[in-house]
Amino acid sequence: MRAPVTPARRHVAIVSPPTAGHLNPLQVLGGELIALGHRVTFVHGGDVAAHIADDRIGFAPLPTSIALAAYLKRLADPTGPAGLMRMIRATAGLTRLLLDEAPAVLERIGADAVIADAAEPAGPLIAARLGIPHVISVTGLPLLRETAVPPPFVGWRYRTDPWGRHRNWAGYTISDLLLRPITQVLEERRRAWRLAETDERDTLQIAQCPRSLDYPRTALPPGFRYGGPWRAEDDEEVVLPDDGRPLVFCSLGTLQGSRRAVFAKIADACARIGARAVIAHGGGLSAEEEATLPGDPLVRAFWPQRAVLRHSAAAVLHGGFNSVLDALAAGVPMIVLPIAFEQPGTAARVAHLGAGRIVSPTRASARDIATALADVIGSPHYRAAARRLSGEIATAGGAPAAAAAVSAGFILRA
């Protein structure tokens, strides 16, 4: 018999960017909240519904379509300053649409709490407009300003000297200017809704980032909680050919998987050191492009990533946060080829941790990648660093611990 629903149980609306890197871990978190007795519904443009795979989780579409395929294509290729600004303006348009339409949707479905992903700033304003509680989910690097910590989207080293602090200040100043189309939307809506500026430092912020992967911090907000990856239990296994060559898992994520030239360099690099690439391109390559990759790689659109990593000597990744977390959870060292978004910042933190090396995806040759890969596989300190973080991840509690913290936060506000 189903347990009775108590006032402490919430109907939680999730407001996040419409990309796999956010939707996938948030679905796992949502599933854990459902197991605790809550109801969970994603709210976004109707074509996002196809990306919600857990049939226990609801989906409430906005009245207006967001043309998701076109938006993702723009994210995949923010070429140059003009392309970057087009991407930022498109993202500002999504934020405006959520602010325009999501409050009425949340009222219609009876949502009484919000999980607001940190990468979509509409969430807290929507919750404030409706007078319902919210928590902030942090699915990537923490978006917290601190003078010694570089902005999360740049590949700068951690340094606390005056030059480092000045450089970071300049980085944050430039980011404020670039993101002005988004902040202007928020400011306009806050004025229209007569909402006071709020300090989110006391708001519960639940991250899937392990503490050791972030740069050292001295001014964490009181409500911030580090954690571990939000993944479903994994009993999947994969059978891979064993011919004595070490396997190297290679992925550029779901948005960047069409970069055949980069995959070709990676596959060539693996062959040069006597390894075999296991390539996941996310559907970005045609069968003909797969067949022309050098070095006898194993190639699919998708592999069971965590299962393959358990058999891998190393990984070559683009620095997507979820892929990096999966490699570290498996104790696998990596080469990171950052392409866009927060990937340079994630790569810098992997290097700071000592669990891998950074290589340019555009300037590096196959020989350069091979040299770095041979170092990462042959030098035990890289794997030792990855395994240290693997131990931290194993004890962090993952999605169940995050869901328990979210649930407790909402119950306190019941």
# chains A, B, ... in the order shown; residues from 1 in each chain; ligands from 1
$ select_by_dssp --residues "region 231-374 of chain A" --states "strand (DSSP E or B)" --output "compact mmCIF listing (two decimals) with C-alpha atoms, in the first residue's frame"
# COMPACT_ATOMS: atom_id res chain seq x y z
CA LEU A 247 42.20 0.60 -24.10
CA VAL A 248 41.69 4.37 -24.11
CA PHE A 249 38.14 5.68 -23.86
CA CYS A 250 37.61 8.75 -26.07
CA SER A 251 34.63 11.10 -26.03
CA ARG A 276 43.41 1.04 -28.92
CA ALA A 277 40.89 3.88 -28.90
CA VAL A 278 37.30 3.19 -27.84
CA ILE A 279 35.48 6.14 -29.41
CA ALA A 280 31.98 7.43 -28.53
CA LEU A 298 36.39 0.60 -31.65
CA VAL A 299 33.77 3.16 -32.68
CA ARG A 300 30.12 3.63 -31.75
CA SER A 312 40.46 1.62 -19.69
CA ALA A 313 44.06 2.56 -19.01
CA ALA A 314 43.26 6.22 -19.69
CA ALA A 315 40.62 8.49 -21.18
CA VAL A 316 40.80 11.30 -23.73
CA LEU A 317 37.93 13.71 -23.05
CA MET A 334 42.98 11.43 -18.57
CA ILE A 335 44.04 13.76 -21.32
CA VAL A 336 41.65 16.72 -21.56
CA GLY A 356 45.70 14.27 -16.09
CA ARG A 357 47.18 16.62 -18.66
CA ILE A 358 45.71 19.34 -20.88
$ residues_around --residues "His352 (chain A)" --least-positions-apart "4" --cutoff "10 Å" --atoms "only C-alpha atoms" --output "PyMOL selection string"
chain A and resi 157-158+212-215+346-348+356-357
$ select_by_dssp --residues "region 33-91 of chain A" --states "helix (DSSP H, G or I)" --output "PyMOL selection string"
chain A and resi 33-35+46-51+68-76+80-91
$ closest_residue --among "A:Leu144, A:Asp47, A:Arg306, A:Thr139" --to "Glu233 (chain A)" --atoms "only C-alpha atoms"
A:Arg306
$ closest_residue --among "A:Ala408, A:Leu285, A:Ile136, A:Leu255" --to "Glu200 (chain A)" --atoms "only C-alpha atoms"
A:Ile136
$ residues_around --residues "Thr160 (chain A)" --least-positions-apart "3" --cutoff "7 Å" --atoms "only C-alpha atoms" --output "list of chain:residue names"
A:Ala148, A:Gly164, A:Arg165
$ residues_around --residues "Glu236 (chain A)" --least-positions-apart "4" --cutoff "10 Å" --atoms "only C-alpha atoms" --output "number ranges by chain"
A: 304-308
$ write_last_selection --atoms "all heavy atoms" --output "PDB file, in the first residue's frame"
ATOM      1  N   PRO A 304      28.413   2.219 -23.206  1.00  0.00           N
ATOM      2  CA  PRO A 304      28.126   2.360 -21.764  1.00  0.00           C
ATOM      3  C   PRO A 304      29.378   2.917 -21.084  1.00  0.00           C
ATOM      4  O   PRO A 304      30.312   2.194 -20.750  1.00  0.00           O
ATOM      5  CB  PRO A 304      27.795   0.930 -21.334  1.00  0.00           C
ATOM      6  CG  PRO A 304      28.442   0.049 -22.338  1.00  0.00           C
ATOM      7  CD  PRO A 304      28.442   0.813 -23.628  1.00  0.00           C
ATOM      8  N   GLN A 305      29.384   4.221 -20.903  1.00  0.00           N
ATOM      9  CA  GLN A 305      30.613   4.949 -20.588  1.00  0.00           C
ATOM     10  C   GLN A 305      31.306   4.434 -19.335  1.00  0.00           C
ATOM     11  O   GLN A 305      32.519   4.182 -19.336  1.00  0.00           O
ATOM     12  CB  GLN A 305      30.268   6.435 -20.437  1.00  0.00           C
ATOM     13  CG  GLN A 305      31.453   7.333 -20.124  1.00  0.00           C
ATOM     14  CD  GLN A 305      31.111   8.790 -20.339  1.00  0.00           C
ATOM     15  OE1 GLN A 305      30.998   9.244 -21.472  1.00  0.00           O
ATOM     16  NE2 GLN A 305      30.938   9.542 -19.261  1.00  0.00           N
ATOM     17  N   ARG A 306      30.565   4.274 -18.269  1.00  0.00           N
ATOM     18  CA  ARG A 306      31.205   3.859 -17.016  1.00  0.00           C
ATOM     19  C   ARG A 306      31.732   2.433 -17.115  1.00  0.00           C
ATOM     20  O   ARG A 306      32.775   2.104 -16.541  1.00  0.00           O
ATOM     21  CB  ARG A 306      30.219   4.000 -15.854  1.00  0.00           C
ATOM     22  CG  ARG A 306      29.981   5.456 -15.462  1.00  0.00           C
ATOM     23  CD  ARG A 306      29.053   5.560 -14.270  1.00  0.00           C
ATOM     24  NE  ARG A 306      27.677   5.246 -14.636  1.00  0.00           N
ATOM     25  CZ  ARG A 306      26.714   5.002 -13.756  1.00  0.00           C
ATOM     26  NH1 ARG A 306      26.989   4.980 -12.466  1.00  0.00           N
ATOM     27  NH2 ARG A 306      25.480   4.762 -14.165  1.00  0.00           N
ATOM     28  N   ALA A 307      31.025   1.576 -17.872  1.00  0.00           N
ATOM     29  CA  ALA A 307      31.495   0.204 -18.045  1.00  0.00           C
ATOM     30  C   ALA A 307      32.797   0.168 -18.839  1.00  0.00           C
ATOM     31  O   ALA A 307      33.733  -0.564 -18.500  1.00  0.00           O
ATOM     32  CB  ALA A 307      30.419  -0.637 -18.739  1.00  0.00           C
ATOM     33  N   VAL A 308      32.891   0.971 -19.910  1.00  0.00           N
ATOM     34  CA  VAL A 308      34.121   1.014 -20.702  1.00  0.00           C
ATOM     35  C   VAL A 308      35.275   1.576 -19.874  1.00  0.00           C
ATOM     36  O   VAL A 308      36.404   1.074 -19.931  1.00  0.00           O
ATOM     37  CB  VAL A 308      33.911   1.835 -21.985  1.00  0.00           C
ATOM     38  CG1 VAL A 308      35.242   2.037 -22.719  1.00  0.00           C
ATOM     39  CG2 VAL A 308      32.907   1.158 -22.909  1.00  0.00           C
TER      40      VAL A 308
END
$ atom_distance --atom1 "CA of Asp202 (chain A)" --atom2 "CA of Pro124 (chain A)"
12.9 Å
$ closest_residue --among "A:Arg194, A:Lys265, A:His318, A:His51" --to "Pro25 (chain A)" --atoms "only C-alpha atoms"
A:His51
$ atom_distance --atom1 "CA of Thr292 (chain A)" --atom2 "CA of Leu252 (chain A)"
17.8 Å
$ closest_residue --among "A:Ile57, A:Ala13, A:Leu68, A:Ala402" --to "Ile132 (chain A)" --atoms "only C-alpha atoms"
A:Ala13
$ closest_atom_pairs --of "region 160-253 of chain A" --to "region 386-397 of chain A" --cutoff "9 Å" --atoms "only C-alpha atoms" --output "JSON lines"
{"residue": "A:Pro210", "atom": "CA", "partner": "A:Ile393", "partner_atom": "CA", "distance": 6.6}
{"residue": "A:Arg211", "atom": "CA", "partner": "A:Glu392", "partner_atom": "CA", "distance": 8.6}
{"residue": "A:Ser212", "atom": "CA", "partner": "A:Leu389", "partner_atom": "CA", "distance": 6.9}
{"residue": "A:Leu213", "atom": "CA", "partner": "A:Leu389", "partner_atom": "CA", "distance": 7.8}
{"residue": "A:Tyr226", "atom": "CA", "partner": "A:Ala396", "partner_atom": "CA", "distance": 8.4}
{"residue": "A:Gly227", "atom": "CA", "partner": "A:Ala396", "partner_atom": "CA", "distance": 5.4}
{"residue": "A:Gly228", "atom": "CA", "partner": "A:Ile393", "partner_atom": "CA", "distance": 5.2}
{"residue": "A:Pro229", "atom": "CA", "partner": "A:Ile393", "partner_atom": "CA", "distance": 7.3}
{"residue": "A:Trp230", "atom": "CA", "partner": "A:Gly397", "partner_atom": "CA", "distance": 9.0}
$ write_last_selection --atoms "all heavy atoms" --output "PDB file, in the first residue's frame"
ATOM      1  N   PRO A 210      32.880  16.896  -6.433  1.00  0.00           N
ATOM      2  CA  PRO A 210      33.617  16.561  -5.210  1.00  0.00           C
ATOM      3  C   PRO A 210      34.478  17.742  -4.766  1.00  0.00           C
ATOM      4  O   PRO A 210      34.968  18.515  -5.595  1.00  0.00           O
ATOM      5  CB  PRO A 210      34.497  15.373  -5.638  1.00  0.00           C
ATOM      6  CG  PRO A 210      33.938  14.905  -6.943  1.00  0.00           C
ATOM      7  CD  PRO A 210      33.313  16.093  -7.586  1.00  0.00           C
ATOM      8  N   ARG A 211      34.666  17.869  -3.488  1.00  0.00           N
ATOM      9  CA  ARG A 211      35.444  18.989  -2.976  1.00  0.00           C
ATOM     10  C   ARG A 211      36.840  19.030  -3.592  1.00  0.00           C
ATOM     11  O   ARG A 211      37.338  20.094  -3.963  1.00  0.00           O
ATOM     12  CB  ARG A 211      35.550  18.902  -1.449  1.00  0.00           C
ATOM     13  CG  ARG A 211      36.363  20.035  -0.823  1.00  0.00           C
ATOM     14  CD  ARG A 211      36.479  19.873   0.676  1.00  0.00           C
ATOM     15  NE  ARG A 211      35.187  20.028   1.330  1.00  0.00           N
ATOM     16  CZ  ARG A 211      34.686  21.199   1.713  1.00  0.00           C
ATOM     17  NH1 ARG A 211      35.362  22.317   1.505  1.00  0.00           N
ATOM     18  NH2 ARG A 211      33.510  21.260   2.314  1.00  0.00           N
ATOM     19  N   SER A 212      37.496  17.889  -3.729  1.00  0.00           N
ATOM     20  CA  SER A 212      38.887  17.877  -4.189  1.00  0.00           C
ATOM     21  C   SER A 212      39.040  18.249  -5.652  1.00  0.00           C
ATOM     22  O   SER A 212      40.150  18.568  -6.086  1.00  0.00           O
ATOM     23  CB  SER A 212      39.520  16.501  -3.938  1.00  0.00           C
ATOM     24  OG  SER A 212      39.598  16.228  -2.564  1.00  0.00           O
ATOM     25  N   LEU A 213      37.965  18.183  -6.436  1.00  0.00           N
ATOM     26  CA  LEU A 213      38.064  18.581  -7.833  1.00  0.00           C
ATOM     27  C   LEU A 213      38.017  20.090  -8.001  1.00  0.00           C
ATOM     28  O   LEU A 213      38.517  20.629  -8.986  1.00  0.00           O
ATOM     29  CB  LEU A 213      36.949  17.923  -8.655  1.00  0.00           C
ATOM     30  CG  LEU A 213      36.941  18.201 -10.161  1.00  0.00           C
ATOM     31  CD1 LEU A 213      38.271  17.818 -10.809  1.00  0.00           C
ATOM     32  CD2 LEU A 213      35.789  17.476 -10.840  1.00  0.00           C
ATOM     33  N   TYR A 226      29.320  20.333  -1.266  1.00  0.00           N
ATOM     34  CA  TYR A 226      29.955  19.475  -2.268  1.00  0.00           C
ATOM     35  C   TYR A 226      29.329  18.088  -2.204  1.00  0.00           C
ATOM     36  O   TYR A 226      28.625  17.745  -1.249  1.00  0.00           O
ATOM     37  CB  TYR A 226      31.453  19.377  -2.003  1.00  0.00           C
ATOM     38  CG  TYR A 226      32.248  20.613  -2.340  1.00  0.00           C
ATOM     39  CD1 TYR A 226      32.760  21.431  -1.329  1.00  0.00           C
ATOM     40  CD2 TYR A 226      32.499  20.959  -3.658  1.00  0.00           C
ATOM     41  CE1 TYR A 226      33.495  22.568  -1.632  1.00  0.00           C
ATOM     42  CE2 TYR A 226      33.232  22.096  -3.973  1.00  0.00           C
ATOM     43  CZ  TYR A 226      33.737  22.896  -2.955  1.00  0.00           C
ATOM     44  OH  TYR A 226      34.465  24.017  -3.258  1.00  0.00           O
ATOM     45  N   GLY A 227      29.610  17.253  -3.211  1.00  0.00           N
ATOM     46  CA  GLY A 227      29.054  15.906  -3.210  1.00  0.00           C
ATOM     47  C   GLY A 227      29.794  14.995  -4.160  1.00  0.00           C
ATOM     48  O   GLY A 227      31.018  15.060  -4.291  1.00  0.00           O
ATOM     49  N   GLY A 228      29.046  14.141  -4.825  1.00  0.00           N
ATOM     50  CA  GLY A 228      29.593  13.204  -5.794  1.00  0.00           C
ATOM     51  C   GLY A 228      28.651  13.090  -6.971  1.00  0.00           C
ATOM     52  O   GLY A 228      27.531  13.627  -6.950  1.00  0.00           O
ATOM     53  N   PRO A 229      29.046  12.405  -8.035  1.00  0.00           N
ATOM     54  CA  PRO A 229      28.233  12.328  -9.258  1.00  0.00           C
ATOM     55  C   PRO A 229      26.835  11.794  -8.997  1.00  0.00           C
ATOM     56  O   PRO A 229      26.647  10.875  -8.199  1.00  0.00           O
ATOM     57  CB  PRO A 229      29.031  11.358 -10.142  1.00  0.00           C
ATOM     58  CG  PRO A 229      30.423  11.390  -9.618  1.00  0.00           C
ATOM     59  CD  PRO A 229      30.303  11.644  -8.156  1.00  0.00           C
ATOM     60  N   TRP A 230      25.864  12.359  -9.715  1.00  0.00           N
ATOM     61  CA  TRP A 230      24.482  11.905  -9.626  1.00  0.00           C
ATOM     62  C   TRP A 230      24.267  10.883 -10.739  1.00  0.00           C
ATOM     63  O   TRP A 230      23.967  11.237 -11.890  1.00  0.00           O
ATOM     64  CB  TRP A 230      23.519  13.078  -9.757  1.00  0.00           C
ATOM     65  CG  TRP A 230      23.747  14.117  -8.688  1.00  0.00           C
ATOM     66  CD1 TRP A 230      24.393  13.951  -7.499  1.00  0.00           C
ATOM     67  CD2 TRP A 230      23.342  15.487  -8.722  1.00  0.00           C
ATOM     68  NE1 TRP A 230      24.414  15.129  -6.788  1.00  0.00           N
ATOM     69  CE2 TRP A 230      23.771  16.087  -7.515  1.00  0.00           C
ATOM     70  CE3 TRP A 230      22.648  16.265  -9.649  1.00  0.00           C
ATOM     71  CZ2 TRP A 230      23.537  17.434  -7.217  1.00  0.00           C
ATOM     72  CZ3 TRP A 230      22.410  17.593  -9.367  1.00  0.00           C
ATOM     73  CH2 TRP A 230      22.844  18.170  -8.152  1.00  0.00           C
TER      74      TRP A 230
END
$ residues_around --residues "Gly155 (chain A)" --least-positions-apart "4" --cutoff "9 Å" --atoms "only C-alpha atoms" --output "tab-separated table (two decimals) with all heavy atoms, in the first residue's frame"
chain	number	residue	atom	x	y	z
A	150	PRO	N	39.81	31.40	-10.25
A	150	PRO	CA	39.46	31.91	-11.58
A	150	PRO	C	38.02	31.61	-11.94
A	150	PRO	O	37.41	30.66	-11.41
A	150	PRO	CB	40.43	31.17	-12.51
A	150	PRO	CG	41.51	30.65	-11.64
A	150	PRO	CD	40.88	30.40	-10.31
A	151	PRO	N	37.44	32.37	-12.88
A	151	PRO	CA	36.11	32.03	-13.37
A	151	PRO	C	36.10	30.60	-13.91
A	151	PRO	O	37.10	30.11	-14.42
A	151	PRO	CB	35.88	33.05	-14.50
A	151	PRO	CG	36.77	34.20	-14.16
A	151	PRO	CD	37.97	33.60	-13.50
A	338	PRO	N	40.03	20.60	-24.00
A	338	PRO	CA	38.85	21.46	-23.80
A	338	PRO	C	38.49	22.22	-25.07
A	338	PRO	O	39.36	22.74	-25.77
A	338	PRO	CB	39.30	22.41	-22.69
A	338	PRO	CG	40.80	22.42	-22.77
A	338	PRO	CD	41.20	21.05	-23.23
A	342	GLU	N	32.56	25.50	-19.96
A	342	GLU	CA	33.38	25.40	-18.75
A	342	GLU	C	34.49	24.38	-18.89
A	342	GLU	O	35.23	24.11	-17.93
A	342	GLU	CB	32.47	25.01	-17.56
A	342	GLU	CG	32.19	23.52	-17.39
A	342	GLU	CD	31.36	22.87	-18.49
A	342	GLU	OE1	30.80	23.61	-19.34
A	342	GLU	OE2	31.28	21.64	-18.51
A	343	GLN	N	34.67	23.81	-20.08
A	343	GLN	CA	35.64	22.74	-20.26
A	343	GLN	C	37.08	23.16	-19.95
A	343	GLN	O	37.83	22.38	-19.33
A	343	GLN	CB	35.52	22.16	-21.67
A	343	GLN	CG	34.18	21.47	-21.90
A	343	GLN	CD	33.80	21.36	-23.36
A	343	GLN	OE1	34.65	21.46	-24.25
A	343	GLN	NE2	32.51	21.18	-23.63
A	344	PRO	N	37.54	24.37	-20.34
A	344	PRO	CA	38.90	24.77	-19.93
A	344	PRO	C	39.06	24.83	-18.41
A	344	PRO	O	40.10	24.44	-17.88
A	344	PRO	CB	39.06	26.15	-20.57
A	344	PRO	CG	38.14	26.15	-21.74
A	344	PRO	CD	36.95	25.35	-21.28
A	345	GLY	N	38.01	25.31	-17.71
A	345	GLY	CA	38.09	25.37	-16.25
A	345	GLY	C	38.13	24.00	-15.63
A	345	GLY	O	38.87	23.76	-14.66
A	346	THR	N	37.35	23.07	-16.15
A	346	THR	CA	37.36	21.70	-15.65
A	346	THR	C	38.72	21.06	-15.92
A	346	THR	O	39.29	20.38	-15.04
A	346	THR	CB	36.25	20.87	-16.30
A	346	THR	OG1	34.99	21.50	-16.04
A	346	THR	CG2	36.22	19.46	-15.74
A	347	ALA	N	39.25	21.28	-17.11
A	347	ALA	CA	40.57	20.72	-17.45
A	347	ALA	C	41.64	21.24	-16.51
A	347	ALA	O	42.52	20.48	-16.05
A	347	ALA	CB	40.92	21.07	-18.89
A	348	ALA	N	41.60	22.54	-16.20
A	348	ALA	CA	42.60	23.12	-15.30
A	348	ALA	C	42.53	22.48	-13.92
A	348	ALA	O	43.56	22.28	-13.26
A	348	ALA	CB	42.39	24.63	-15.21
A	349	ARG	N	41.34	22.16	-13.47
A	349	ARG	CA	41.20	21.54	-12.16
A	349	ARG	C	41.67	20.08	-12.16
A	349	ARG	O	42.22	19.60	-11.17
A	349	ARG	CB	39.75	21.67	-11.69
A	349	ARG	CG	39.43	23.11	-11.22
A	349	ARG	CD	37.97	23.44	-11.34
A	349	ARG	NE	37.67	24.79	-10.85
A	349	ARG	CZ	37.88	25.91	-11.54
A	349	ARG	NH1	38.41	25.86	-12.75
A	349	ARG	NH2	37.58	27.09	-11.02
$ atom_distance --atom1 "CA of Gly282 (chain A)" --atom2 "CA of Phe302 (chain A)"
5.6 Å
$ residues_around --residues "region 216-224 of chain A" --least-positions-apart "4" --cutoff "6 Å" --atoms "only C-alpha atoms" --output "list in words"
Arg201, Asp202, Thr203, Leu204 and Gln205 of chain A
$ closest_residue --among "A:Arg367, A:Arg245, A:His281, A:Arg180" --to "Ala92 (chain A)" --atoms "only C-alpha atoms"
A:Arg180
